[in-house]
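Enquirer: The structure's right below; bear with me while I get my questions together.
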Amino acid sequence: MTASTVSAAPTAPTAPTRLRLTDRWGRTADDLRISLIDKCNLRCTYCMPAEGLPWLKKDELLTAEEAVRLADIGVRVLGVKDIRFTGGEPLVRKDLADIVRGVRTMHPEVSISITTNGIGLDKRIDELVDAGLTRVNVSLDTVDRETFARVTRRDRLPQVIAGLEAAKASGLEPVKVNAVAMRGVNDEGVVDLTTWCLDHGYQLRFIEQMPLDADHSWARKNLVSAAEIRQRLSTVYELTEDPVPRGSAPAQLWEVRPRGASPDSTALGKVGIIASVTESFCAACSRTRITADGRVRSCLFSQEETDLMGLLRGGADDEDVARTWATAMWGKPRAYGSDAVTLNDPEYVQPERTMSAIGG
Ligand code: SAM
Ligand code: SF4
């Protein structure tokens, strides 16, 4: 064997350089949301039009292998710590448990969660937990059946409640409920929903409605603000700011006690309020998003996307994919998809994609 062949002897597989998803504003994203599908079995008025949307074709969606590969690159190369699968409705994907298992097998330490409308969760929760799911958020805006049917344009409240019960029975903790409060629709039911969640052991989080609806009917004047939600809850409950530091979490958590109770007494539970419109938390944002067709969105409100699917299908290696992803995140806008400071600024333009197509 010559010296030259020795020096050219097999090298250890090159570990990709460890990059980070940092941006020009000093933020680093380590919280990944992957949308697995744009389709949904509900038609929430703040998210989708009644007739649905032109859905992506099957071959335009990330395959299970591609979704797992992107999650793996996110964790192994780019420092992602939390992965959430969303949509559209992630439970519409029959291979959801395969995707969760694929990521879990490679990354035993990472948090893997889903955001779901809960329909069919009762039949899938065991396989999902077995596959390695760590947390679940179920979206539920009201516990009044008629109001539910009005918001979602489908009469399916009992299925969502069955999904929630199954999630609780599976031992996942905490089971979170996401609710969007809407003027003249469910705002009067804010206290009822909170009481119901406290009674059933679910951690409720209200989200201010954002202008990401297909109908472009969002209007600031109809916004049910975080302040208003707090004020409504305060008619029945004492709210005390959660002592646990909030970090980059979008929800401000409040300990809930009966009205007049001492702050030293045991809390009934916690409620979160995400003031996505009125109290921007963009400066602490740690999110990076991949759409169901494999594009990076650095911000929920972005006007721009960067294609990773083409790279995956074109044979790019992990390092190339990671660098393209990191470059896309470097350009992350300051706030609300632009340099806007609030959603009232003229710089703010509603993105073309709706929440269902972005992956909320
Ligand atoms: N289908 C699943 C669900 O409903 O949980 C996952 C996708 S959905 C787009 C994710 C979250 O986005 C839900 O909690 C939903 O309530 C929220 N969402 C959708 N449109 C919204 C909007 N315009 N403003 C605020 N939240 C919204
Ligand atoms: Fe479907 Fe979720 Fe959008 Fe409702 S919010 S239409 S459940 S994707």
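Identifiers in the structure tokens: chain A, B, ... in order shown; residue index from 1 per chain; ligand index from 1 in order shown.
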Output the neighbourhood of ligand 2 as a list in words, that is, all protein and nucleic acid residues with some atom at most 8 Å from the ligand, counting only C-alpha atoms and all ligand atoms.
Expert: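 Here is the list of contacting residues: Asp38, Lys39, Cys40, Asn41, Leu42, Arg43, Cys44, Thr45, Tyr46, Cys47, Met48, Gly87, Gly88, Glu89, Thr116, Asn117, Ser139, Thr152, Met355, Ser356, Ala357, Gly359 and Gly360 of chain A.
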Enquirer: Please produce, as a tab-separated table, a per-residue contact table for segment 279-338 of chain A versus segment 250-259 of chain A (criterion: any atom at most 10 Å away, only C-alpha atoms considered), showing the nearest atom pair and its distance in Å to one decimal, sorted by chain then residue number.
Expert:
residue	atom	partner	partner_atom	distance
A:Glu279	CA	A:Pro250	CA	9.8
A:Ser280	CA	A:Pro250	CA	8.9
A:Phe281	CA	A:Pro250	CA	6.4
A:Cys282	CA	A:Pro250	CA	8.8
A:Ala284	CA	A:Pro250	CA	8.5
A:Cys285	CA	A:Pro250	CA	7.9
A:Ser286	CA	A:Pro250	CA	9.6
Enquirer: At a cut-off of 10 Å, using only C-alpha atoms, what residues contact Asp192 of chain A? Leave out same-chain residues fewer than 6 positions from it and give the result as a ChimeraX atom specification.
Expert: /A:142-144,186,198,233
Enquirer: Could you pull out the strand (DSSP E or B) residues of segment 141-204 of chain A from DSSP and send them as a PyMOL selection string?
Expert: chain A and resi 175-180+182+203-204
Enquirer: Would you pick out the contacts of Trp196 of chain A at 12 Å or less, using only C-alpha atoms, so that residues sharing its chain but fewer than 3 positions from it are not included, and give the list as a ChimeraX atom specification?
Expert: /A:140-144,161,177,189-193,199-204,268-269,271
Enquirer: Export C-alpha atoms of the chosen residues as a PDB file, in the first residue's frame?
Expert:
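Wrote result22.pdb, looks like this:
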ATOM      1  CA  LEU A 140     -61.891  23.805  20.653  1.00  0.00           C
ATOM      2  CA  ASP A 141     -63.513  27.241  20.647  1.00  0.00           C
ATOM      3  CA  THR A 142     -66.724  26.423  22.492  1.00  0.00           C
ATOM      4  CA  VAL A 143     -68.508  23.629  24.323  1.00  0.00           C
ATOM      5  CA  ASP A 144     -71.883  24.728  22.998  1.00  0.00           C
ATOM      6  CA  ILE A 161     -64.724  15.853  23.157  1.00  0.00           C
ATOM      7  CA  VAL A 177     -56.982  23.257  24.404  1.00  0.00           C
ATOM      8  CA  GLY A 189     -68.759  31.783  26.250  1.00  0.00           C
ATOM      9  CA  VAL A 190     -65.190  32.575  27.319  1.00  0.00           C
ATOM     10  CA  VAL A 191     -65.949  31.925  31.002  1.00  0.00           C
ATOM     11  CA  ASP A 192     -67.973  28.744  30.274  1.00  0.00           C
ATOM     12  CA  LEU A 193     -65.176  27.278  28.185  1.00  0.00           C
ATOM     13  CA  ASP A 199     -63.294  20.996  35.508  1.00  0.00           C
ATOM     14  CA  HIS A 200     -61.934  18.466  33.018  1.00  0.00           C
ATOM     15  CA  GLY A 201     -58.239  19.079  33.662  1.00  0.00           C
ATOM     16  CA  TYR A 202     -57.365  20.641  30.289  1.00  0.00           C
ATOM     17  CA  GLN A 203     -55.024  23.623  30.033  1.00  0.00           C
ATOM     18  CA  LEU A 204     -56.877  26.232  27.983  1.00  0.00           C
ATOM     19  CA  LEU A 268     -57.869  25.605  40.122  1.00  0.00           C
ATOM     20  CA  GLY A 269     -55.498  25.417  37.167  1.00  0.00           C
ATOM     21  CA  VAL A 271     -55.156  29.502  31.563  1.00  0.00           C
TER      22      VAL A 271
END
Enquirer: How many Å lie between atom CA of Leu19 of chain A and atom CA of Gly79 of chain A, rounded to one decimal?
Expert: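 Result for atom CA of Leu19 of chain A versus atom CA of Gly79 of chain A: 7.5 Å, one decimal.
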Enquirer: Between atom CA of Gly118 of chain A and atom CA of Arg154 of chain A, measure the distance and give it in Å to one decimal.
Expert: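 Taking atom CA of Gly118 of chain A as the start and atom CA of Arg154 of chain A as the end point, the length is 13.3 Å.
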Enquirer: Write out as a list of chain:residue names each polymer residue whose atoms come within 6 Å of segment 289-295 of chain A, counting only C-alpha atoms; drop sequence neighbours fewer than 2 positions from it.
Expert: A:Leu32, A:Arg33, A:Ile34, A:Ser35, A:Leu36, A:Ile37, A:Glu60, A:Leu61, A:Leu62, A:Arg297, A:Glu305, A:Thr306, A:Asp307, A:Leu308, A:Met309, A:Ile358
Enquirer: Go ahead and save the picked residues with all heavy atoms, as a short mmCIF file (atom, residue, chain, number, x, y, z; two decimals), in the first residue's frame.
Expert:
data_model
loop_
_atom_site.label_atom_id
_atom_site.label_comp_id
_atom_site.auth_asym_id
_atom_site.auth_seq_id
_atom_site.Cartn_x
_atom_site.Cartn_y
_atom_site.Cartn_z
N LEU A 32 -39.74 23.86 15.81
CA LEU A 32 -40.10 23.58 14.41
C LEU A 32 -41.55 23.12 14.29
O LEU A 32 -41.98 22.23 15.02
CB LEU A 32 -39.17 22.48 13.88
CG LEU A 32 -39.53 21.81 12.56
CD1 LEU A 32 -39.58 22.82 11.41
CD2 LEU A 32 -38.52 20.70 12.24
N ARG A 33 -42.28 23.75 13.39
CA ARG A 33 -43.64 23.30 13.06
C ARG A 33 -43.64 22.77 11.65
O ARG A 33 -43.27 23.50 10.73
CB ARG A 33 -44.61 24.46 13.13
CG ARG A 33 -44.54 25.11 14.46
CD ARG A 33 -45.85 25.63 14.90
NE ARG A 33 -45.79 25.64 16.33
CZ ARG A 33 -46.78 25.93 17.13
NH1 ARG A 33 -47.94 26.24 16.61
NH2 ARG A 33 -46.64 25.91 18.42
N ILE A 34 -44.04 21.55 11.49
CA ILE A 34 -44.13 20.96 10.16
C ILE A 34 -45.59 20.70 9.85
O ILE A 34 -46.27 19.96 10.58
CB ILE A 34 -43.34 19.64 10.05
CG1 ILE A 34 -41.87 19.86 10.42
CG2 ILE A 34 -43.46 19.07 8.64
CD1 ILE A 34 -41.00 18.62 10.28
N SER A 35 -46.09 21.32 8.79
CA SER A 35 -47.45 21.04 8.34
C SER A 35 -47.38 19.78 7.47
O SER A 35 -46.55 19.69 6.57
CB SER A 35 -47.99 22.22 7.54
OG SER A 35 -49.24 21.85 6.98
N LEU A 36 -48.26 18.83 7.76
CA LEU A 36 -48.20 17.56 7.02
C LEU A 36 -49.24 17.48 5.92
O LEU A 36 -49.15 16.63 5.05
CB LEU A 36 -48.38 16.39 8.00
CG LEU A 36 -47.24 16.22 9.01
CD1 LEU A 36 -47.59 15.11 10.00
CD2 LEU A 36 -45.93 15.91 8.30
N ILE A 37 -50.22 18.36 5.98
CA ILE A 37 -51.29 18.31 4.97
C ILE A 37 -52.06 19.63 5.05
O ILE A 37 -52.16 20.23 6.11
CB ILE A 37 -52.21 17.09 5.22
CG1 ILE A 37 -53.15 16.86 4.04
CG2 ILE A 37 -52.99 17.21 6.52
CD1 ILE A 37 -53.68 15.44 3.95
N GLU A 60 -47.49 16.38 -4.23
CA GLU A 60 -46.94 17.70 -3.83
C GLU A 60 -46.71 17.77 -2.32
O GLU A 60 -46.10 18.72 -1.83
CB GLU A 60 -47.90 18.81 -4.25
CG GLU A 60 -48.00 18.98 -5.76
CD GLU A 60 -49.10 19.95 -6.18
OE1 GLU A 60 -50.19 19.93 -5.56
OE2 GLU A 60 -48.88 20.71 -7.11
N LEU A 61 -47.26 16.79 -1.59
CA LEU A 61 -47.10 16.79 -0.14
C LEU A 61 -45.78 16.13 0.24
O LEU A 61 -45.33 15.19 -0.44
CB LEU A 61 -48.22 15.97 0.53
CG LEU A 61 -49.64 16.50 0.44
CD1 LEU A 61 -50.61 15.46 0.99
CD2 LEU A 61 -49.77 17.81 1.22
N LEU A 62 -45.20 16.56 1.35
CA LEU A 62 -44.04 15.85 1.89
C LEU A 62 -44.44 14.41 2.14
O LEU A 62 -45.52 14.16 2.70
CB LEU A 62 -43.63 16.47 3.22
CG LEU A 62 -42.97 17.84 3.22
CD1 LEU A 62 -42.89 18.39 4.65
CD2 LEU A 62 -41.57 17.78 2.61
N ARG A 297 -41.05 28.67 5.94
CA ARG A 297 -41.61 30.01 6.20
C ARG A 297 -40.96 30.47 7.49
O ARG A 297 -41.13 29.84 8.54
CB ARG A 297 -43.13 29.95 6.40
CG ARG A 297 -43.92 29.81 5.13
CD ARG A 297 -45.39 29.82 5.45
NE ARG A 297 -45.88 31.16 5.70
CZ ARG A 297 -46.35 31.97 4.76
NH1 ARG A 297 -46.41 31.58 3.51
NH2 ARG A 297 -46.78 33.18 5.07
N GLU A 305 -41.23 32.28 0.75
CA GLU A 305 -40.98 30.91 1.18
C GLU A 305 -39.75 30.40 0.45
O GLU A 305 -39.44 30.88 -0.64
CB GLU A 305 -42.17 30.02 0.82
CG GLU A 305 -43.42 30.41 1.58
CD GLU A 305 -44.65 29.64 1.15
OE1 GLU A 305 -44.58 28.93 0.12
OE2 GLU A 305 -45.66 29.76 1.84
N THR A 306 -39.10 29.42 1.03
CA THR A 306 -37.91 28.83 0.40
C THR A 306 -38.14 27.34 0.25
O THR A 306 -38.45 26.65 1.23
CB THR A 306 -36.67 29.11 1.28
OG1 THR A 306 -36.54 30.51 1.43
CG2 THR A 306 -35.41 28.54 0.66
N ASP A 307 -37.98 26.87 -0.97
CA ASP A 307 -38.30 25.48 -1.27
C ASP A 307 -37.21 24.52 -0.79
O ASP A 307 -36.06 24.64 -1.18
CB ASP A 307 -38.46 25.34 -2.79
CG ASP A 307 -38.81 23.93 -3.19
OD1 ASP A 307 -39.46 23.23 -2.39
OD2 ASP A 307 -38.45 23.52 -4.32
N LEU A 308 -37.58 23.60 0.07
CA LEU A 308 -36.66 22.52 0.47
C LEU A 308 -37.04 21.21 -0.22
O LEU A 308 -36.20 20.35 -0.44
CB LEU A 308 -36.68 22.31 1.99
CG LEU A 308 -36.20 23.47 2.85
CD1 LEU A 308 -36.15 23.06 4.32
CD2 LEU A 308 -34.83 23.99 2.42
N MET A 309 -38.33 21.08 -0.57
CA MET A 309 -38.79 19.85 -1.22
C MET A 309 -37.99 19.58 -2.51
O MET A 309 -37.57 18.46 -2.77
CB MET A 309 -40.27 20.00 -1.55
CG MET A 309 -40.82 18.92 -2.41
SD MET A 309 -41.62 17.70 -1.42
CE MET A 309 -43.28 18.29 -1.40
N ILE A 358 -50.62 27.27 5.81
CA ILE A 358 -49.30 27.56 6.38
C ILE A 358 -48.94 26.48 7.38
O ILE A 358 -47.82 25.98 7.42
CB ILE A 358 -49.30 28.93 7.12
CG1 ILE A 358 -49.58 30.07 6.14
CG2 ILE A 358 -47.97 29.14 7.84
CD1 ILE A 358 -49.90 31.39 6.83
#
Enquirer: Give me the residues within 10 Å of Gly260 of chain A as a PDB file with all heavy atoms, in the first residue's frame, counting only C-alpha atoms and dropping any in the same chain fewer than 2 places off.
Expert:
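File written: result05.pdb
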ATOM      1  N   VAL A 236     -65.370  36.238  37.215  1.00  0.00           N
ATOM      2  CA  VAL A 236     -65.645  34.987  37.934  1.00  0.00           C
ATOM      3  C   VAL A 236     -64.403  34.459  38.654  1.00  0.00           C
ATOM      4  O   VAL A 236     -64.507  33.808  39.684  1.00  0.00           O
ATOM      5  CB  VAL A 236     -66.156  33.917  36.938  1.00  0.00           C
ATOM      6  CG1 VAL A 236     -66.382  32.580  37.617  1.00  0.00           C
ATOM      7  CG2 VAL A 236     -67.444  34.379  36.275  1.00  0.00           C
ATOM      8  N   TYR A 237     -63.240  34.766  38.105  1.00  0.00           N
ATOM      9  CA  TYR A 237     -62.005  34.190  38.629  1.00  0.00           C
ATOM     10  C   TYR A 237     -60.993  35.278  39.006  1.00  0.00           C
ATOM     11  O   TYR A 237     -61.014  36.371  38.438  1.00  0.00           O
ATOM     12  CB  TYR A 237     -61.357  33.282  37.575  1.00  0.00           C
ATOM     13  CG  TYR A 237     -62.175  32.063  37.238  1.00  0.00           C
ATOM     14  CD1 TYR A 237     -62.742  31.899  35.968  1.00  0.00           C
ATOM     15  CD2 TYR A 237     -62.375  31.067  38.190  1.00  0.00           C
ATOM     16  CE1 TYR A 237     -63.490  30.761  35.664  1.00  0.00           C
ATOM     17  CE2 TYR A 237     -63.125  29.938  37.886  1.00  0.00           C
ATOM     18  CZ  TYR A 237     -63.678  29.789  36.624  1.00  0.00           C
ATOM     19  OH  TYR A 237     -64.425  28.676  36.327  1.00  0.00           O
ATOM     20  N   GLU A 238     -60.086  34.903  39.940  1.00  0.00           N
ATOM     21  CA  GLU A 238     -58.889  35.724  40.205  1.00  0.00           C
ATOM     22  C   GLU A 238     -57.790  35.192  39.296  1.00  0.00           C
ATOM     23  O   GLU A 238     -57.536  33.984  39.280  1.00  0.00           O
ATOM     24  CB  GLU A 238     -58.389  35.551  41.646  1.00  0.00           C
ATOM     25  CG  GLU A 238     -59.289  36.043  42.735  1.00  0.00           C
ATOM     26  CD  GLU A 238     -59.461  37.550  42.752  1.00  0.00           C
ATOM     27  OE1 GLU A 238     -58.610  38.273  42.180  1.00  0.00           O
ATOM     28  OE2 GLU A 238     -60.466  37.998  43.327  1.00  0.00           O
ATOM     29  N   ARG A 257     -57.960  31.180  40.204  1.00  0.00           N
ATOM     30  CA  ARG A 257     -58.576  30.832  41.489  1.00  0.00           C
ATOM     31  C   ARG A 257     -59.987  31.413  41.512  1.00  0.00           C
ATOM     32  O   ARG A 257     -60.287  32.338  40.752  1.00  0.00           O
ATOM     33  CB  ARG A 257     -57.776  31.444  42.655  1.00  0.00           C
ATOM     34  CG  ARG A 257     -56.403  30.835  42.806  1.00  0.00           C
ATOM     35  CD  ARG A 257     -55.619  31.433  43.964  1.00  0.00           C
ATOM     36  NE  ARG A 257     -54.357  30.739  44.129  1.00  0.00           N
ATOM     37  CZ  ARG A 257     -53.272  30.924  43.358  1.00  0.00           C
ATOM     38  NH1 ARG A 257     -53.297  31.814  42.369  1.00  0.00           N
ATOM     39  NH2 ARG A 257     -52.173  30.237  43.559  1.00  0.00           N
ATOM     40  N   PRO A 258     -60.842  30.862  42.386  1.00  0.00           N
ATOM     41  CA  PRO A 258     -62.181  31.445  42.473  1.00  0.00           C
ATOM     42  C   PRO A 258     -62.081  32.914  42.873  1.00  0.00           C
ATOM     43  O   PRO A 258     -61.136  33.311  43.571  1.00  0.00           O
ATOM     44  CB  PRO A 258     -62.845  30.640  43.597  1.00  0.00           C
ATOM     45  CG  PRO A 258     -62.021  29.411  43.748  1.00  0.00           C
ATOM     46  CD  PRO A 258     -60.636  29.750  43.304  1.00  0.00           C
ATOM     47  N   SER A 262     -57.572  33.713  48.168  1.00  0.00           N
ATOM     48  CA  SER A 262     -56.234  34.231  48.455  1.00  0.00           C
ATOM     49  C   SER A 262     -55.240  33.689  47.425  1.00  0.00           C
ATOM     50  O   SER A 262     -55.341  32.527  47.007  1.00  0.00           O
ATOM     51  CB  SER A 262     -55.837  33.785  49.863  1.00  0.00           C
ATOM     52  OG  SER A 262     -54.482  33.473  49.908  1.00  0.00           O
ATOM     53  N   PRO A 263     -54.256  34.521  47.041  1.00  0.00           N
ATOM     54  CA  PRO A 263     -53.240  34.045  46.083  1.00  0.00           C
ATOM     55  C   PRO A 263     -52.436  32.868  46.633  1.00  0.00           C
ATOM     56  O   PRO A 263     -51.760  32.174  45.881  1.00  0.00           O
ATOM     57  CB  PRO A 263     -52.336  35.264  45.866  1.00  0.00           C
ATOM     58  CG  PRO A 263     -52.942  36.396  46.609  1.00  0.00           C
ATOM     59  CD  PRO A 263     -54.068  35.897  47.444  1.00  0.00           C
TER      60      PRO A 263
END
Enquirer: Pick out the residues sitting within 9 Å of Pro333 of chain A, and hand them over as a tab-separated table (two decimals) with N, CA and C atoms, in the first residue's frame; count only C-alpha atoms, and ignore anything fewer than 6 positions along from it in its own chain.
Expert:
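Generated output (out-v2.tsv):
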chain	number	residue	atom	x	y	z
A	23	ASP	N	-31.28	34.70	13.02
A	23	ASP	CA	-31.70	35.72	12.07
A	23	ASP	C	-31.01	37.05	12.36
A	24	ARG	N	-31.26	38.01	11.48
A	24	ARG	CA	-30.57	39.31	11.55
A	24	ARG	C	-30.96	40.11	12.79
A	25	TRP	N	-32.03	39.67	13.46
A	25	TRP	CA	-32.53	40.43	14.60
A	25	TRP	C	-32.11	39.78	15.92
A	298	SER	N	-40.24	31.55	7.42
A	298	SER	CA	-39.53	32.00	8.62
A	298	SER	C	-40.49	32.64	9.60
A	299	CYS	N	-41.65	33.10	9.12
A	299	CYS	CA	-42.62	33.78	9.98
A	299	CYS	C	-44.02	33.35	9.51
A	302	SER	N	-45.14	35.52	6.76
A	302	SER	CA	-44.18	35.77	5.67
A	302	SER	C	-44.86	35.92	4.32
A	339	ASP	N	-41.30	44.55	8.43
A	339	ASP	CA	-40.70	45.30	9.53
A	339	ASP	C	-41.78	46.03	10.32
A	340	ALA	N	-43.01	45.63	10.12
A	340	ALA	CA	-44.13	46.24	10.85
A	340	ALA	C	-43.97	45.98	12.34
Enquirer: I'd like to know which of A:Asp320, A:Glu208, A:Glu352, A:Asp95 is closest to ligand 1, using only C-alpha atoms and all ligand atoms.
Expert: A:Glu208
Enquirer: Which residue, A:Thr86, A:Ser276, A:Thr194, A:Thr22, has the smallest gap to Lys332 of chain A when you use only C-alpha atoms?
Expert: A:Thr22
Enquirer: Calculate how many Å separate atom CA of Leu300 of chain A from atom 22 (C, counted along the ligand's line) of ligand 1, rounding to one decimal.
Expert: 10.6 Å
